[in-house]
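This is model.cif (mmCIF, C-alpha atoms and all ligand atoms).
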data_target
loop_
_atom_site.label_atom_id
_atom_site.label_comp_id
_atom_site.auth_asym_id
_atom_site.auth_seq_id
_atom_site.Cartn_x
_atom_site.Cartn_y
_atom_site.Cartn_z
CA MET E 132 -24.49 54.65 -186.60
CA SER E 133 -27.24 55.71 -184.22
CA VAL E 134 -26.72 53.04 -181.58
CA ASP E 135 -23.63 52.98 -179.34
CA PHE E 136 -22.78 49.57 -177.98
CA GLU E 137 -20.36 48.35 -175.32
CA ILE E 138 -19.95 45.41 -172.98
CA ASN E 139 -18.15 45.62 -169.62
CA ASN E 140 -18.05 42.78 -167.11
CA SER E 141 -21.10 40.99 -168.51
CA VAL E 142 -23.16 44.20 -168.71
CA ALA E 143 -24.10 45.25 -172.25
CA ILE E 144 -25.04 48.89 -172.79
CA LEU E 145 -27.05 50.03 -175.81
CA THR E 146 -27.29 53.81 -176.08
CA LEU E 147 -29.74 55.20 -178.63
CA ASN E 148 -27.91 58.17 -180.02
CA ASN E 149 -29.80 60.35 -182.46
CA PRO E 150 -30.64 63.30 -180.20
CA LYS E 151 -31.52 65.69 -183.04
CA LYS E 152 -34.51 63.49 -183.88
CA LEU E 153 -35.21 62.59 -180.24
CA ASN E 154 -34.20 59.00 -181.07
CA ALA E 155 -37.20 58.52 -183.38
CA LEU E 156 -37.05 54.83 -184.30
CA ASN E 157 -36.77 54.21 -188.03
CA THR E 158 -36.18 50.84 -189.72
CA ASN E 159 -32.37 51.21 -189.76
CA PHE E 160 -32.31 52.21 -186.11
CA VAL E 161 -34.35 49.17 -185.08
CA GLU E 162 -32.19 46.92 -187.28
CA GLU E 163 -29.07 48.18 -185.51
CA ILE E 164 -30.60 47.34 -182.13
CA TYR E 165 -31.66 43.94 -183.49
CA ASP E 166 -28.17 43.17 -184.85
CA HIS E 167 -26.53 43.89 -181.49
CA LEU E 168 -28.86 41.53 -179.61
CA PHE E 169 -27.05 38.41 -180.84
CA ASP E 170 -23.79 39.62 -179.26
CA VAL E 171 -25.67 40.80 -176.19
CA GLU E 172 -27.10 37.37 -175.45
CA LYS E 173 -23.83 35.56 -176.16
CA LYS E 174 -21.52 37.82 -174.19
CA ALA E 175 -23.54 39.57 -171.47
CA ASN E 176 -25.70 38.68 -168.50
CA VAL E 177 -27.72 41.93 -168.40
CA LEU E 178 -28.60 44.55 -171.02
CA VAL E 179 -29.08 48.22 -170.17
CA ILE E 180 -30.74 50.57 -172.67
CA PHE E 181 -30.25 54.33 -172.44
CA GLY E 182 -31.37 57.16 -174.67
CA THR E 183 -29.87 60.64 -174.53
CA GLU E 184 -30.63 63.54 -172.18
CA LYS E 185 -33.16 64.84 -174.73
CA ALA E 186 -35.16 61.64 -175.11
CA PHE E 187 -35.20 57.93 -174.47
CA ALA E 188 -37.11 57.65 -177.77
CA ALA E 189 -40.01 59.79 -179.04
CA GLY E 190 -41.61 56.92 -180.95
CA VAL E 191 -41.36 55.42 -184.39
CA ASP E 192 -40.18 57.88 -187.05
CA ILE E 193 -43.30 59.63 -188.33
CA ASN E 194 -41.57 60.29 -191.68
CA GLU E 195 -41.47 56.55 -192.30
CA ILE E 196 -45.03 56.06 -191.10
CA ASP E 197 -46.18 58.81 -193.45
CA SER E 198 -45.21 56.84 -196.55
CA LEU E 199 -46.68 53.54 -195.35
CA THR E 200 -49.79 51.86 -196.66
CA PHE E 201 -51.51 48.85 -195.13
CA GLU E 202 -50.13 46.61 -197.90
CA LYS E 203 -46.56 47.91 -197.50
CA ALA E 204 -46.64 47.49 -193.73
CA LEU E 205 -48.00 43.96 -193.98
CA ILE E 206 -45.90 42.67 -196.87
CA LYS E 207 -42.61 44.44 -196.07
CA GLU E 208 -43.10 43.73 -192.37
CA PHE E 209 -42.18 47.27 -191.37
CA ILE E 210 -40.19 47.13 -188.09
CA ASP E 211 -42.51 44.63 -186.44
CA TYR E 212 -40.81 41.30 -187.16
CA LYS E 213 -37.48 42.64 -185.82
CA TRP E 214 -39.46 43.80 -182.80
CA GLU E 215 -40.34 40.20 -181.90
CA ARG E 216 -36.65 39.75 -181.17
CA ILE E 217 -36.58 42.86 -178.99
CA LEU E 218 -39.57 41.56 -177.03
CA ASN E 219 -37.83 38.23 -176.52
CA VAL E 220 -34.35 39.07 -175.28
CA LYS E 221 -33.39 36.16 -173.04
CA ILE E 222 -31.34 38.07 -170.47
CA PRO E 223 -32.60 40.75 -168.05
CA VAL E 224 -33.09 44.18 -169.64
CA ILE E 225 -33.06 47.48 -167.74
CA SER E 226 -34.21 50.70 -169.43
CA GLY E 227 -32.96 54.02 -168.06
CA VAL E 228 -35.43 56.64 -169.26
CA GLU E 229 -34.79 60.38 -169.55
CA LYS E 230 -37.31 62.82 -171.04
CA TYR E 231 -39.56 61.31 -173.72
CA ALA E 232 -40.51 57.64 -173.91
CA LEU E 233 -43.40 57.91 -176.36
CA GLY E 234 -45.18 55.50 -178.69
CA GLY E 235 -42.63 52.94 -179.90
CA GLY E 236 -40.14 54.44 -177.42
CA PHE E 237 -42.52 53.68 -174.53
CA GLU E 238 -42.99 50.19 -176.00
CA LEU E 239 -39.22 49.69 -176.06
CA ALA E 240 -39.09 50.57 -172.35
CA LEU E 241 -42.11 48.34 -171.60
CA ALA E 242 -40.35 45.46 -173.36
CA SER E 243 -37.63 45.61 -170.71
CA ASP E 244 -37.84 43.91 -167.32
CA ILE E 245 -37.06 46.93 -165.17
CA ILE E 246 -37.53 50.63 -165.93
CA ILE E 247 -35.87 53.35 -163.92
CA ALA E 248 -36.40 57.00 -164.77
CA ASN E 249 -34.96 60.45 -164.42
CA GLU E 250 -37.43 62.82 -162.74
CA ASN E 251 -37.87 64.62 -166.10
CA ALA E 252 -39.21 61.48 -167.80
CA LYS E 253 -42.48 61.59 -169.73
CA PHE E 254 -44.31 58.50 -170.91
CA GLY E 255 -47.23 58.29 -173.31
CA PHE E 256 -48.88 56.91 -176.41
CA PRO E 257 -49.59 59.86 -178.73
CA GLU E 258 -50.42 57.58 -181.70
CA VAL E 259 -54.13 58.41 -181.39
CA ASN E 260 -53.25 62.02 -182.32
CA LEU E 261 -51.89 60.69 -185.63
CA GLY E 262 -54.98 58.60 -186.36
CA LEU E 263 -53.04 55.51 -185.23
CA MET E 264 -52.72 53.27 -182.22
CA PRO E 265 -49.81 51.50 -180.48
CA GLY E 266 -48.51 48.71 -182.72
CA LEU E 267 -45.48 47.25 -180.97
CA GLY E 268 -47.20 45.76 -177.93
CA GLY E 269 -48.30 48.89 -176.05
CA THR E 270 -51.96 47.96 -175.54
CA GLN E 271 -50.99 44.56 -174.16
CA LEU E 272 -47.95 45.44 -172.08
CA LEU E 273 -49.30 48.62 -170.48
CA THR E 274 -52.67 47.02 -169.69
CA ARG E 275 -50.99 44.17 -167.83
CA ILE E 276 -49.17 46.66 -165.62
CA VAL E 277 -51.77 49.35 -164.95
CA GLY E 278 -55.08 47.59 -165.70
CA SER E 279 -57.52 48.18 -168.54
CA LYS E 280 -59.15 51.36 -167.19
CA LYS E 281 -55.97 53.38 -166.75
CA ALA E 282 -54.46 51.95 -169.96
CA SER E 283 -57.61 52.99 -171.84
CA GLU E 284 -57.43 56.50 -170.43
CA LEU E 285 -53.78 56.93 -171.40
CA ILE E 286 -53.91 55.30 -174.84
CA MET E 287 -57.25 56.85 -175.85
CA SER E 288 -56.37 60.38 -174.70
CA GLY E 289 -52.75 60.36 -175.85
CA ASP E 290 -51.89 62.16 -172.57
CA PHE E 291 -48.38 61.93 -171.17
CA ILE E 292 -47.60 60.97 -167.58
CA ASN E 293 -44.56 62.12 -165.63
CA ALA E 294 -42.06 60.02 -163.70
CA LYS E 295 -43.96 60.32 -160.39
CA GLU E 296 -47.20 59.09 -161.94
CA ALA E 297 -45.31 56.28 -163.68
CA LEU E 298 -43.86 55.26 -160.31
CA GLN E 299 -47.32 55.26 -158.70
CA LEU E 300 -48.60 53.08 -161.56
CA ASN E 301 -45.73 50.57 -161.10
CA ILE E 302 -44.38 51.30 -164.57
CA VAL E 303 -41.06 52.50 -163.18
CA SER E 304 -39.39 51.13 -160.10
CA LYS E 305 -37.22 54.09 -159.16
CA ILE E 306 -36.83 57.81 -159.92
CA LEU E 307 -33.46 59.54 -159.92
CA SER E 308 -32.88 63.27 -159.87
CA SER E 309 -30.23 63.68 -162.56
CA SER E 310 -28.90 62.08 -165.70
CA ALA E 311 -25.67 61.09 -163.94
CA ASP E 312 -27.58 59.50 -161.04
CA LEU E 313 -29.82 57.61 -163.44
CA LYS E 314 -26.83 56.17 -165.28
CA ARG E 315 -25.04 55.28 -162.04
CA GLU E 316 -28.12 53.60 -160.56
CA ALA E 317 -28.95 51.64 -163.73
CA LEU E 318 -25.37 50.41 -164.07
CA ASN E 319 -25.06 49.52 -160.37
CA LEU E 320 -28.27 47.52 -160.56
CA ALA E 321 -27.10 45.86 -163.78
CA LYS E 322 -23.76 45.01 -162.20
CA LYS E 323 -25.44 43.49 -159.16
CA ILE E 324 -27.74 41.36 -161.34
CA ALA E 325 -24.95 40.42 -163.76
CA GLU E 326 -23.04 38.76 -160.91
CA LYS E 327 -25.85 36.22 -160.40
CA SER E 328 -26.09 32.86 -162.10
CA PRO E 329 -26.87 33.34 -165.83
CA THR E 330 -29.00 30.21 -165.85
CA SER E 331 -31.07 31.43 -162.87
CA LEU E 332 -31.56 34.83 -164.49
CA ARG E 333 -32.77 33.41 -167.81
CA LEU E 334 -35.24 31.06 -166.14
CA ILE E 335 -36.47 33.72 -163.68
CA LYS E 336 -37.17 35.96 -166.67
CA GLU E 337 -38.94 33.14 -168.51
CA ALA E 338 -41.11 32.37 -165.46
CA ILE E 339 -42.04 36.02 -164.83
CA GLN E 340 -42.92 36.57 -168.50
CA LEU E 341 -45.00 33.41 -168.44
CA SER E 342 -46.98 34.76 -165.48
CA GLN E 343 -48.43 37.39 -167.83
CA ASN E 344 -49.89 34.77 -170.16
CA THR E 345 -50.89 31.81 -168.07
CA GLY E 346 -53.13 30.84 -165.16
CA CYS E 347 -51.59 30.93 -161.69
CA LEU E 348 -51.71 27.17 -160.97
CA GLN E 349 -50.29 26.26 -164.36
CA GLY E 350 -47.62 28.96 -163.92
CA ILE E 351 -46.63 27.51 -160.53
CA LYS E 352 -46.29 24.04 -162.08
CA ILE E 353 -44.07 25.37 -164.84
CA GLU E 354 -42.04 27.38 -162.32
CA ARG E 355 -41.46 24.19 -160.32
CA ASN E 356 -40.03 22.44 -163.36
CA LEU E 357 -37.84 25.41 -164.25
CA PHE E 358 -36.66 25.38 -160.62
CA ARG E 359 -35.85 21.64 -160.81
CA SER E 360 -33.91 22.15 -164.03
CA LEU E 361 -31.54 24.48 -162.16
CA PHE E 362 -30.37 21.51 -160.06
CA SER E 363 -28.26 20.41 -162.99
CA THR E 364 -26.26 23.65 -163.23
CA SER E 365 -22.72 24.27 -162.03
CA TYR E 366 -23.87 27.54 -160.43
CA LYS E 367 -26.29 25.78 -158.10
CA GLU E 368 -23.57 23.29 -157.20
CA LYS E 369 -21.00 25.97 -156.49
CA LEU E 370 -23.22 28.55 -154.75
CA THR E 371 -25.10 26.21 -152.40
CA LYS E 372 -21.82 24.54 -151.33
CA LYS E 373 -20.26 27.96 -150.76
CA PHE E 374 -23.17 28.96 -148.52
CA LEU E 375 -23.05 25.75 -146.52
CA LYS E 376 -19.29 26.00 -145.94
CA LYS E 377 -19.65 29.40 -144.26
N1 LIG T 1 -40.74 60.92 -185.69
C1 LIG T 1 -39.98 61.73 -186.46
N2 LIG T 1 -39.38 62.85 -185.99
C2 LIG T 1 -39.56 63.15 -184.70
C3 LIG T 1 -40.34 62.34 -183.83
C4 LIG T 1 -40.95 61.17 -184.38
N3 LIG T 1 -41.67 60.30 -183.64
N4 LIG T 1 -40.34 62.91 -182.61
C5 LIG T 1 -39.57 64.02 -182.70
N5 LIG T 1 -39.10 64.16 -183.94
C6 LIG T 1 -38.22 65.22 -184.47
C7 LIG T 1 -38.97 66.51 -184.74
O1 LIG T 1 -39.62 66.45 -186.00
C8 LIG T 1 -37.85 67.51 -184.69
O2 LIG T 1 -37.12 67.44 -185.90
P1 LIG T 1 -36.60 68.81 -186.63
O3 LIG T 1 -35.70 69.47 -185.62
O4 LIG T 1 -35.90 68.31 -187.84
O5 LIG T 1 -37.82 69.61 -186.90
C9 LIG T 1 -36.94 66.98 -183.60
O6 LIG T 1 -37.27 65.60 -183.47
C10 LIG T 1 -37.17 67.65 -182.25
O7 LIG T 1 -38.55 67.56 -181.94
P2 LIG T 1 -39.47 68.84 -181.55
O8 LIG T 1 -38.92 70.08 -182.16
O9 LIG T 1 -40.90 68.48 -181.86
O10 LIG T 1 -39.21 68.87 -179.97
P3 LIG T 1 -40.20 69.41 -178.84
O11 LIG T 1 -39.38 69.42 -177.60
O12 LIG T 1 -40.86 70.65 -179.26
O13 LIG T 1 -41.35 68.29 -178.73
C11 LIG T 1 -42.19 66.03 -178.59
C12 LIG T 1 -41.02 67.01 -178.29
C13 LIG T 1 -43.39 66.37 -177.73
C14 LIG T 1 -41.68 64.62 -178.23
C15 LIG T 1 -42.56 66.10 -180.10
O14 LIG T 1 -41.37 65.97 -180.88
C16 LIG T 1 -43.52 65.03 -180.55
O15 LIG T 1 -44.70 65.15 -180.30
N6 LIG T 1 -43.01 64.01 -181.26
C17 LIG T 1 -43.84 62.96 -181.82
C18 LIG T 1 -44.22 61.94 -180.75
C19 LIG T 1 -45.12 60.87 -181.34
O16 LIG T 1 -46.17 61.13 -181.88
N7 LIG T 1 -44.70 59.61 -181.19
C20 LIG T 1 -45.43 58.46 -181.67
C21 LIG T 1 -44.98 58.09 -183.05
S1 LIG T 1 -45.95 56.79 -183.76
C22 LIG T 1 -45.35 55.38 -183.07
O17 LIG T 1 -44.47 55.38 -182.26
C23 LIG T 1 -46.04 54.14 -183.56
C24 LIG T 1 -45.47 52.88 -182.96
C25 LIG T 1 -46.11 51.66 -183.59
C26 LIG T 1 -45.41 51.25 -184.85
C27 LIG T 1 -45.94 49.93 -185.33
C28 LIG T 1 -45.06 49.33 -186.41
C29 LIG T 1 -45.58 48.00 -186.93
#

Please render this file's structure as C-alpha cells.
Amino acid sequence: MSVDFEINNSVAILTLNNPKKLNALNTNFVEEIYDHLFDVEKKANVLVIFGTEKAFAAGVDINEIDSLTFEKALIKEFIDYKWERILNVKIPVISGVEKYALGGGFELALASDIIIANENAKFGFPEVNLGLMPGLGGTQLLTRIVGSKKASELIMSGDFINAKEALQLNIVSKILSSSADLKREALNLAKKIAEKSPTSLRLIKEAIQLSQNTGCLQGIKIERNLFRSLFSTSYKEKLTKKFLKK
C-alpha cells in the first residue's frame, strides 16, 4: 500500500506514502487513490491530500512512461481515465504540498480546490525535458490560474517555481514554515469547512468549477438556480432559523 487513508469527523485524509520514489505516481498508486474516493465522497465532507516531507509527488512514474507507446496509452487508457474521477471529486479538496509537486504531482495539486504549501515547496512541469508535455490537465488548469503567458513560460521551460512565487501567482493560498505547521493549518481549514452544510459545499464547488468553463452571465444564471435548490435542504432550514433566533 502506498496510500494511507483515514477519516476523522468528516475530514478524509489521503497521504501519498512512497517517499523512496518521491511519490512518483504509477498506475497502482493512482488506482489506490481512485478506489478511496468512493468512501471519501460517501463518508466525508472535505478531503485533504498530503505527500511526505520529501515530496508531494514528483510526477508520473517515468519507468512506466518509458515502456509506453501511443497505442498502449490510448487503448489501455494509461492512468488517464481514473484521473477523470480525481478531477471530479464532489467535495472540497485541500492539498498540503511539501517539496516537489511536479508534472502529474502538480496536476494532482491543481485538481484540488485549495493548495497550501510548506515554504520548501517546488512546483513545475518538467515533462518538456523528457520530450513530453503535461497530460493530466496541466496546460488547462495552470493557464486558467496564471494566464497563458506565464503558463507558457513555465510549461515550455520546465522551470520550477518556489512557494513564494506560487503564492504571488495565486496557485497557493498560504505558505507555512514547517511540515507540522502545514499539517495543522490544512487540517484546521478542513475541519472548519467540514462543519458547513454538505449540500452548500458541493454546490459551491460545482458553481466555482463551472466559472472556469462558462460565460459570466450564463454562470450567474446557473448559480442562481443552484442557490434556489438549496432552499429545499434541511441545513438551510436549520441554520437560518438558528441565526434568526439569536
Ligand atoms: N518517476 C520515477 N522515479 C522517480 C520520479 C519519477 N517521476 N521522480 C523521482 N524518482 C525517483 C528517482 O529515480 C530516485 O529513485 P532511486 O533512488 O531508485 O534512484 C528517487 O525517486 C529519488 O529521486 P532523486 O535521487 O532524483 O532525488 P533528487 O532530490 O536528486 O531530485 C527531483 C529530485 C528533481 C524531483 C528528481 O527526482 C526529478 O527530476 N524527478 C523527475 C521529475 C519529473 O520529470 N516529473 C515529471 C514526470 S512525467 C509526468 O508527470 C507526466 C504526467 C502526464 C501523464 C499523462 C498520462 C496520460

How close does chain E get to ligand LIG 1 (chain T)? List, as a tab-separated table, each residue of chain E within 9 Å, its nearest atom pair and the distance in Å to one decimal, counting only C-alpha atoms and all ligand atoms.
residue	atom	partner	partner_atom	distance
E:Pro150	CA	T:LIG1	O6	7.7
E:Lys151	CA	T:LIG1	C9	5.6
E:Lys152	CA	T:LIG1	O6	3.5
E:Leu153	CA	T:LIG1	O6	4.9
E:Asn154	CA	T:LIG1	N4	7.4
E:Ala155	CA	T:LIG1	C4	4.7
E:Leu156	CA	T:LIG1	N3	7.2
E:Asn157	CA	T:LIG1	N1	8.1
E:Lys185	CA	T:LIG1	O11	8.2
E:Ala186	CA	T:LIG1	C14	7.8
E:Ala188	CA	T:LIG1	N4	7.8
E:Ala189	CA	T:LIG1	N4	4.8
E:Gly190	CA	T:LIG1	O17	3.5
E:Val191	CA	T:LIG1	O17	3.8
E:Asp192	CA	T:LIG1	N1	3.4
E:Ile193	CA	T:LIG1	N1	3.9
E:Asn194	CA	T:LIG1	C1	5.6
E:Glu195	CA	T:LIG1	C1	7.9
E:Ile196	CA	T:LIG1	S1	7.4
E:Ala204	CA	T:LIG1	C29	6.9
E:Leu205	CA	T:LIG1	C29	8.5
E:Glu208	CA	T:LIG1	C29	7.3
E:Phe209	CA	T:LIG1	C29	5.6
E:Ile210	CA	T:LIG1	C29	5.6
E:Asp211	CA	T:LIG1	C29	4.6
E:Tyr212	CA	T:LIG1	C29	8.2
E:Trp214	CA	T:LIG1	C29	8.5
E:Lys230	CA	T:LIG1	C14	8.6
E:Tyr231	CA	T:LIG1	C14	6.0
E:Ala232	CA	T:LIG1	C14	8.3
E:Leu233	CA	T:LIG1	N7	5.3
E:Gly234	CA	T:LIG1	O17	3.6
E:Gly235	CA	T:LIG1	O17	3.9
E:Gly236	CA	T:LIG1	O17	6.6
E:Phe237	CA	T:LIG1	O17	8.2
E:Glu238	CA	T:LIG1	C24	7.9
E:Gly255	CA	T:LIG1	N7	8.4
E:Phe256	CA	T:LIG1	C20	6.5
E:Pro257	CA	T:LIG1	O16	4.8
E:Glu258	CA	T:LIG1	S1	5.0
E:Val259	CA	T:LIG1	O16	8.4
E:Asn260	CA	T:LIG1	O16	7.1
E:Leu261	CA	T:LIG1	O16	6.9
E:Leu263	CA	T:LIG1	C23	7.3
E:Met264	CA	T:LIG1	C23	6.9
E:Pro265	CA	T:LIG1	C25	4.8
E:Gly266	CA	T:LIG1	C27	3.9
E:Leu267	CA	T:LIG1	C27	5.1
E:Gly268	CA	T:LIG1	C25	8.2
E:Gly269	CA	T:LIG1	C25	8.3
E:Gly289	CA	T:LIG1	O16	9.0

Can I get the selected residues back with C-alpha atoms, as a PDB file, in the coordinates of the input?
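Heads up, here's the output in again.pdb:
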ATOM      1  CA  PRO E 150     -30.640  63.300-180.200  1.00  0.00           C
ATOM      2  CA  LYS E 151     -31.520  65.690-183.040  1.00  0.00           C
ATOM      3  CA  LYS E 152     -34.510  63.490-183.880  1.00  0.00           C
ATOM      4  CA  LEU E 153     -35.210  62.590-180.240  1.00  0.00           C
ATOM      5  CA  ASN E 154     -34.200  59.000-181.070  1.00  0.00           C
ATOM      6  CA  ALA E 155     -37.200  58.520-183.380  1.00  0.00           C
ATOM      7  CA  LEU E 156     -37.050  54.830-184.300  1.00  0.00           C
ATOM      8  CA  ASN E 157     -36.770  54.210-188.030  1.00  0.00           C
ATOM      9  CA  LYS E 185     -33.160  64.840-174.730  1.00  0.00           C
ATOM     10  CA  ALA E 186     -35.160  61.640-175.110  1.00  0.00           C
ATOM     11  CA  ALA E 188     -37.110  57.650-177.770  1.00  0.00           C
ATOM     12  CA  ALA E 189     -40.010  59.790-179.040  1.00  0.00           C
ATOM     13  CA  GLY E 190     -41.610  56.920-180.950  1.00  0.00           C
ATOM     14  CA  VAL E 191     -41.360  55.420-184.390  1.00  0.00           C
ATOM     15  CA  ASP E 192     -40.180  57.880-187.050  1.00  0.00           C
ATOM     16  CA  ILE E 193     -43.300  59.630-188.330  1.00  0.00           C
ATOM     17  CA  ASN E 194     -41.570  60.290-191.680  1.00  0.00           C
ATOM     18  CA  GLU E 195     -41.470  56.550-192.300  1.00  0.00           C
ATOM     19  CA  ILE E 196     -45.030  56.060-191.100  1.00  0.00           C
ATOM     20  CA  ALA E 204     -46.640  47.490-193.730  1.00  0.00           C
ATOM     21  CA  LEU E 205     -48.000  43.960-193.980  1.00  0.00           C
ATOM     22  CA  GLU E 208     -43.100  43.730-192.370  1.00  0.00           C
ATOM     23  CA  PHE E 209     -42.180  47.270-191.370  1.00  0.00           C
ATOM     24  CA  ILE E 210     -40.190  47.130-188.090  1.00  0.00           C
ATOM     25  CA  ASP E 211     -42.510  44.630-186.440  1.00  0.00           C
ATOM     26  CA  TYR E 212     -40.810  41.300-187.160  1.00  0.00           C
ATOM     27  CA  TRP E 214     -39.460  43.800-182.800  1.00  0.00           C
ATOM     28  CA  LYS E 230     -37.310  62.820-171.040  1.00  0.00           C
ATOM     29  CA  TYR E 231     -39.560  61.310-173.720  1.00  0.00           C
ATOM     30  CA  ALA E 232     -40.510  57.640-173.910  1.00  0.00           C
ATOM     31  CA  LEU E 233     -43.400  57.910-176.360  1.00  0.00           C
ATOM     32  CA  GLY E 234     -45.180  55.500-178.690  1.00  0.00           C
ATOM     33  CA  GLY E 235     -42.630  52.940-179.900  1.00  0.00           C
ATOM     34  CA  GLY E 236     -40.140  54.440-177.420  1.00  0.00           C
ATOM     35  CA  PHE E 237     -42.520  53.680-174.530  1.00  0.00           C
ATOM     36  CA  GLU E 238     -42.990  50.190-176.000  1.00  0.00           C
ATOM     37  CA  GLY E 255     -47.230  58.290-173.310  1.00  0.00           C
ATOM     38  CA  PHE E 256     -48.880  56.910-176.410  1.00  0.00           C
ATOM     39  CA  PRO E 257     -49.590  59.860-178.730  1.00  0.00           C
ATOM     40  CA  GLU E 258     -50.420  57.580-181.700  1.00  0.00           C
ATOM     41  CA  VAL E 259     -54.130  58.410-181.390  1.00  0.00           C
ATOM     42  CA  ASN E 260     -53.250  62.020-182.320  1.00  0.00           C
ATOM     43  CA  LEU E 261     -51.890  60.690-185.630  1.00  0.00           C
ATOM     44  CA  LEU E 263     -53.040  55.510-185.230  1.00  0.00           C
ATOM     45  CA  MET E 264     -52.720  53.270-182.220  1.00  0.00           C
ATOM     46  CA  PRO E 265     -49.810  51.500-180.480  1.00  0.00           C
ATOM     47  CA  GLY E 266     -48.510  48.710-182.720  1.00  0.00           C
ATOM     48  CA  LEU E 267     -45.480  47.250-180.970  1.00  0.00           C
ATOM     49  CA  GLY E 268     -47.200  45.760-177.930  1.00  0.00           C
ATOM     50  CA  GLY E 269     -48.300  48.890-176.050  1.00  0.00           C
ATOM     51  CA  GLY E 289     -52.750  60.360-175.850  1.00  0.00           C
TER      52      GLY E 289
END

Axis-aligned box over every listed atom of region 212-224 of chain E, padded by 6 Å per side: centre and edges in Å to one decimal, as JSON?
{"center_x": -36.1, "center_y": 40.2, "center_z": -177.6, "size_x": 21.5, "size_y": 20.0, "size_z": 31.1}

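Residue nearest Ala143 (chain E) within the list E:Glu215, E:Glu354, E:Asp166, E:Glu172: E:Glu172 [criterion: smallest interatomic distance, all atoms listed in the file].
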
Which residues are near Ala321 (chain E)? Cut-off 7 Å, all atoms listed in the file, ignore same chain within fewer than 3 positions. Put them as a JSON list (two decimals) with C-alpha atoms, in the frame of the given file.
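Everything below was put into result.json:
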[["chain", "number", "residue", "atom", "x", "y", "z"],
["E", 142, "VAL", "CA", -23.16, 44.20, -168.71],
["E", 177, "VAL", "CA", -27.72, 41.93, -168.40],
["E", 317, "ALA", "CA", -28.95, 51.64, -163.73],
["E", 318, "LEU", "CA", -25.37, 50.41, -164.07],
["E", 324, "ILE", "CA", -27.74, 41.36, -161.34],
["E", 325, "ALA", "CA", -24.95, 40.42, -163.76]]

Within 10 Å of region 280-282 of chain E using all atoms listed in the file, minus same-chain residues under 6 positions, as a PyMOL selection string: chain E and resi 256+269-274+288+300

Give me, as a ChimeraX atom specification, all polymer residues having an atom no more than 12 Å from Phe169 (chain E), counting only C-alpha atoms and skipping those fewer than 3 positions away in the same chain. /E:143,162-166,172-175,178,216-217,219-222

Just to be explicit: take each residue in the selection above, keep C-alpha atoms, and write the result as a PDB file, in the coordinates of the input.
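Output contents, as saved in part.pdb:
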ATOM      1  CA  ALA E 143     -24.100  45.250-172.250  1.00  0.00           C
ATOM      2  CA  GLU E 162     -32.190  46.920-187.280  1.00  0.00           C
ATOM      3  CA  GLU E 163     -29.070  48.180-185.510  1.00  0.00           C
ATOM      4  CA  ILE E 164     -30.600  47.340-182.130  1.00  0.00           C
ATOM      5  CA  TYR E 165     -31.660  43.940-183.490  1.00  0.00           C
ATOM      6  CA  ASP E 166     -28.170  43.170-184.850  1.00  0.00           C
ATOM      7  CA  GLU E 172     -27.100  37.370-175.450  1.00  0.00           C
ATOM      8  CA  LYS E 173     -23.830  35.560-176.160  1.00  0.00           C
ATOM      9  CA  LYS E 174     -21.520  37.820-174.190  1.00  0.00           C
ATOM     10  CA  ALA E 175     -23.540  39.570-171.470  1.00  0.00           C
ATOM     11  CA  LEU E 178     -28.600  44.550-171.020  1.00  0.00           C
ATOM     12  CA  ARG E 216     -36.650  39.750-181.170  1.00  0.00           C
ATOM     13  CA  ILE E 217     -36.580  42.860-178.990  1.00  0.00           C
ATOM     14  CA  ASN E 219     -37.830  38.230-176.520  1.00  0.00           C
ATOM     15  CA  VAL E 220     -34.350  39.070-175.280  1.00  0.00           C
ATOM     16  CA  LYS E 221     -33.390  36.160-173.040  1.00  0.00           C
ATOM     17  CA  ILE E 222     -31.340  38.070-170.470  1.00  0.00           C
TER      18      ILE E 222
END

Tell me, in Å to one decimal, how far CA of Ala297 (chain E) is from CA of Leu168 (chain E). 27.2 Å

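Residue nearest Asn140 (chain E) within the list E:Asn319, E:Ser365, E:Ser310, E:Asn251: E:Asn319 [criterion: smallest interatomic distance, all atoms listed in the file].
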
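Shortest atom-to-atom contact with Ser226 (chain E) among E:Val277, E:Leu357, E:Leu313, E:Val134: E:Leu313, counting all atoms listed in the file.
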
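Across E:Ile225, E:Leu218, E:Ala294, E:Met287, the tightest approach to Phe254 (chain E) is made by E:Ala294 when counting all atoms listed in the file.
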
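Of note, CA of Lys207 (chain E) and CA of Asp170 (chain E) are spaced 25.7 Å apart.
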